[in-house]
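K.L.:
For reference, the structure I am asking about is given below.
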Amino acid sequence: MDQYVMRAVRGDEWEKVKELRIAALRDPAAPVAFLETLAQAEARSDEFWQDRAQGASHGRHARQFVAEAPDGQWVGSVTVLVEEGGTTDFFERTVEQTQGHVVGVFVRAEQRGTGVTDALFTAALDWAWSLEGPALERVRLFVHEDNPRAGAFYRRFGFRASGQVVPVPAAMPVAGDAGAEELEYVISRP
């Protein structure tokens with residue numbers, strides 16, 4: 001585990017951002033882990049990926065963290081979005097308070113269980129808790145009801161089910177029934 005570096009992406013690393021996202025969407029768990037398909041990601045323009053990397057590399061709005069191996073390969077990623085109170089989230093619900101929102105969690109299969117996911121979450125939450133004006137009092141994420149492995153990790157890391165359950169948006173292509181649900185998990189500022 002010590003050989004990996006946890007760091008924020010740089011704005012010029014869009015090709016690696018794209019490659020890791022495509023790898024994530026090829027994973028067998030992708031249909032219940034992401035609200036995007038492989039076909040959608042592959043159809044996106046280079047400009048989209050450039051904007052995504054640039055937007056997640058600096059500022060307060062979003063930050064993407066990667067686990068980088070000594071050879072430069074990215075083996076995992078997690079992104080924290082800052083949702084401002086009063087805005088609408090991608091489930092079309094009003095965000096009640098300014099908070100962090102973890103999305104895009106992925107670790108390559110061969111690194112799972114090695115501590116990489118814990119290290120990525122530590123880096124992401126350290127960044128979230130460091131924000132000021134206003135400080136974030138909580139960070140949330142959503143997990144598909146048919147993704148128990150992810151739910152178990154989030155609980156072990158300290159996230160707790162909030163009781164909020166939202167239907168997977170009809171426009172979001174995920175596996176399972178049309179009535180599938182996403183469960184909200186939250187962690188409070190330490």
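Letters A, B, ... mark the chains of the structure tokens in the order given; residue numbers begin at 1 per chain; ligand numbers begin at 1, in order shown.
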Write out as number ranges by chain each polymer residue whose atoms come within 7 Å of A:Leu183, counting only C-alpha atoms; drop sequence neighbours fewer than 2 positions from it.
P.N.:
A: 142-145, 164-166, 181, 185
K.L.:
Extract, using only C-alpha atoms, all DNA, RNA and protein residues at most 8 Å from A:Val66, discarding same-chain residues fewer than 2 positions from it, and format them as a list in words.
P.N.:
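Once the adjacent positions are removed, what remains is Val5, Met6, Arg7, Ala8, Val9, Gln64, Glu68, Trp74, Val75, Gly76, Ser77, Val78 and Leu120 of chain A.
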K.L.:
In Å, with one decimal, what is the gap from atom CA of A:Arg60 to atom CA of A:Ala24?
P.N.:
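Those two atoms sit 24.9 Å apart.
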K.L.:
Nearest to A:Asp126 among A:Gly163, A:Gly179, A:Pro190, A:Pro148, with distances taken over only C-alpha atoms: which residue is it?
P.N.:
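Nearest to A:Asp126: A:Pro190.
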K.L.:
Give me every strand (DSSP E) residue in chain A, going by DSSP on the backbone, as a ChimeraX atom specification.
P.N.:
/A:5-8,62-68,74-83,99-107,138-144,160-167,181-188
K.L.:
Nearest to A:Gly115: which of A:Val186, A:Val17, A:Val95, A:Ala67 is it, counting only C-alpha atoms?
P.N.:
A:Ala67
K.L.:
So which residues touch A:Ala41 within 9 Å, counting only C-alpha atoms, skipping near sequence neighbours fewer than 3 positions away, as a count of residues only?
P.N.:
9
K.L.:
Using only C-alpha atoms, pick whichever of A:Asp51, A:Glu83, A:Glu132, A:Glu92 has the shortest atom-to-atom distance to A:Pro167.
P.N.:
A:Glu92
K.L.:
Identify which of the residues A:Gly59, A:Gly100, A:Gly86, A:Pro70 lies closest to A:Ala135, counting only C-alpha atoms when measuring atom-to-atom distances.
P.N.:
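Distance minimum relative to A:Ala135 lands on A:Gly100.
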K.L.:
Using DSSP secondary structure from the backbone, list all helix (DSSP H, G or I) positions within stretch 17-118 of chain A, as a PyMOL selection string.
P.N.:
chain A and resi 17-26+30-33+38-43+46-55+109-111+116-118
K.L.:
When you count only C-alpha atoms, which of these residues is closest to A:Glu182: A:Val105, A:Gln73, A:Tyr154, A:Leu141?
P.N.:
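Smallest distance to A:Glu182 is found for A:Leu141.
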K.L.:
Do you know which residues are at most 12 Å from A:Asn147 counting only C-alpha atoms, after dropping those on the same chain fewer than 6 positions away, and could you put them as a list in words?
P.N.:
Pro28, Ala29, Ala30, Pro31, Val32, Ala33, Phe34, Phe153, Tyr154, Val174, Ala175, Gly176, Ala180, Glu181, Glu182 and Leu183 of chain A
K.L.:
Measuring between only C-alpha atoms, which one of A:Thr79, A:Ala152, A:Asp2, A:Lys16 shows the shortest distance to A:Asp46?
P.N.:
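The shortest atom-to-atom distance to A:Asp46 comes from A:Lys16.
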